[in-house]
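Here's the structure, in structure tokens; my notes come after.
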Amino acid sequence: MLTAITREVSRSLADCELTWLQREPIDFEKARAQHRQYEKCLEALGVQVISLPALESYPDAVFVEDPAIVLDEIAVITTMGCESRRGERESLAEALAAFRPLIRMRNPAKLEGGDVMRIGKDLFVGLSARTDPAGVQQLAEELNPYGYRVTAVELRDCLHLKSACSFIGDGCLLINRAYLDTEPLRNYRFVDVAPDEPAAANALLVDRTVVMPSAFPATANLLQKAGFRVREVDVTELLKAESGVTCSSLLFDF
Ligand code: GLY
């Protein structure tokens, strides 16, 4: 069964890390309600949602995608380039240990889950401020015995690889080509985000449905016209914390 691990929103969310966005006030109650709607959206798509308690000392802890990568055989606890977030990992590791054997990456290599886009046995990993070549190499070495191919992708002007592109099924990527070197992804078909929605490339594929923020209606419309089934969720308060819909869950089969 498709299973998602999520985490409740911390009251401290407004103190989140920001790299490319200007800080704006965040309404905690609204963010919490939107996160619940996001969880309900996953449930409506047949996903079993396991919601962990908030980690109040960690403003970004709701973004569970970054401390871990869950594959069919194992889960990887990442080193996290963002030092202030490293304390999020332990309780997530405890939760994941119920579902997968764990591998823990080792510092000083840096890697965050938001930089990892999985398509079958291929893992594309963004080189960002949070993930470095040593992190990519270590991940490749750890995953080689399981048959995964790991390929680095150069990024520019965005936080994570999945800020720049997401796998949306049918051999297609939803993409903002301005944010990355497309060459390593040449075997996929590209669906470009709408020109006035540069942040719209982050989408979560759940079975055959593309979940994306309602803040990007032009891109949703493009996807629908291209034949994709789209489900929109209002996550405007969470977007202010420099997140996307992939960040707020770890999705895997169990
Ligand atoms: N606020 C999300 C992050 O920077 O990790």
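Letters A, B, ... go to the chains of the structure tokens in the order shown; residues in each chain start at 1; ligands are counted from 1 in the same order.
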Practice prompt. Find the residues near ligand 1. Use a cut-off of 6 Å, count only C-alpha atoms and all ligand atoms, and write them as a VMD selection string.
Written response: chain A and resid 16 to 18 60 241 to 243
Practice prompt. Enumerate the residues of stretch 21-220 of chain A with a DSSP assignment of helix (DSSP H, G or I), computed from the backbone, and present them as a PyMOL selection string.
Written response: chain A and resi 28-44+83-96+113-115+133-146+161-164+177-179+183-185+198-201+217-220
Worksheet entry | DSSP-assigned strand (DSSP E or B) among stretch 51-222 of chain A, expressed as an MDAnalysis selection string | chainID A and resid 51:52 68:70 75:77 102:104 116:119 122:127 149:155 165:169 172:175 180 189:192 204:206 209:213
Worksheet item: Which residues come within 12 Å of A:Leu139, counting only C-alpha atoms, excluding same-chain residues fewer than 5 positions away, as a PyMOL selection string?
Response: chain A and resi 68-69+75-79+103-107+109-113+115-116+123-125+131-134+144-146+148-152
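Rounded to one decimal, atom CA of A:Thr246 and atom CA of A:Ala200 lie 11.8 Å from each other.
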Worksheet item: Nearest to A:Glu39: which of A:Leu185, A:Ala199, A:Glu94, A:Leu250 is it, counting only C-alpha atoms?
Response: A:Leu250
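Going from atom CA of A:Ala4 to atom CA of A:Glu65 covers 10.5 Å.
Here atom CA of A:Asp234 stands at a distance of 5.7 Å from atom CA of A:Pro213.
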Practice prompt. List the neighbours of stretch 28-31 of chain A out to 9 Å using only C-alpha atoms; skip same-chain residues closer than 5 positions along the sequence, and give me the result as a list in words.
Written response: Val9, Ser10, Arg11, Ser12, Leu13, Ala14, Arg36, Val235, Thr236, Glu237 and Leu238 of chain A
Take the residues just selected and output them with C-alpha atoms as a short mmCIF file (atom, residue, chain, number, x, y, z; two decimals), in the first residue's frame.
```
data_model
loop_
_atom_site.label_atom_id
_atom_site.label_comp_id
_atom_site.auth_asym_id
_atom_site.auth_seq_id
_atom_site.Cartn_x
_atom_site.Cartn_y
_atom_site.Cartn_z
CA VAL A 9 3.77 21.91 11.30
CA SER A 10 6.01 23.48 13.98
CA ARG A 11 4.71 26.67 15.63
CA SER A 12 8.14 28.11 14.82
CA LEU A 13 7.62 27.70 11.03
CA ALA A 14 7.97 31.47 10.47
CA ARG A 36 -3.93 18.88 7.01
CA VAL A 235 -0.38 25.39 0.37
CA THR A 236 0.27 29.15 0.07
CA GLU A 237 1.50 29.54 3.68
CA LEU A 238 3.90 26.60 3.33
#
```
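For the residues A:Ile26, A:Ala226, A:Leu102, A:Leu96, ranking by smallest atom-to-atom distance to A:Ile50 using only C-alpha atoms places A:Leu96 first.
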Discussion item. Give me, as a ChimeraX atom specification, all polymer residues having an atom no more than 9 Å from A:Asp192, counting only C-alpha atoms and skipping those fewer than 4 positions away in the same chain.
Written reply: /A:173-177,201,219,222
Practice prompt. Show which residues sit within 12 Å of A:Cys172, as a PyMOL selection string. Count only C-alpha atoms, and ignore same-chain residues fewer than 2 positions away.
Written response: chain A and resi 119+165-170+174-175+185-192+201+203+205+210+223+226-228
Worksheet entry | 12 Å contact set for A:Ala95, only C-alpha atoms, chain neighbours under 2 positions out, as a ChimeraX atom specification | /A:4-7,50-53,64,68,70,75,77,88-93,97-102,250
Discussion item. Taking only C-alpha atoms into account, name the residue in A:Pro217, A:Pro108, A:Gly120, A:Gly114 that is nearest to A:Asn202.
Written reply: A:Gly114
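Of the residues under consideration (A:Leu45, A:Ala129, A:Lys121, A:Asp66), A:Lys121 shows the shortest atom-to-atom contact distance to A:Gly147 when counting only C-alpha atoms.
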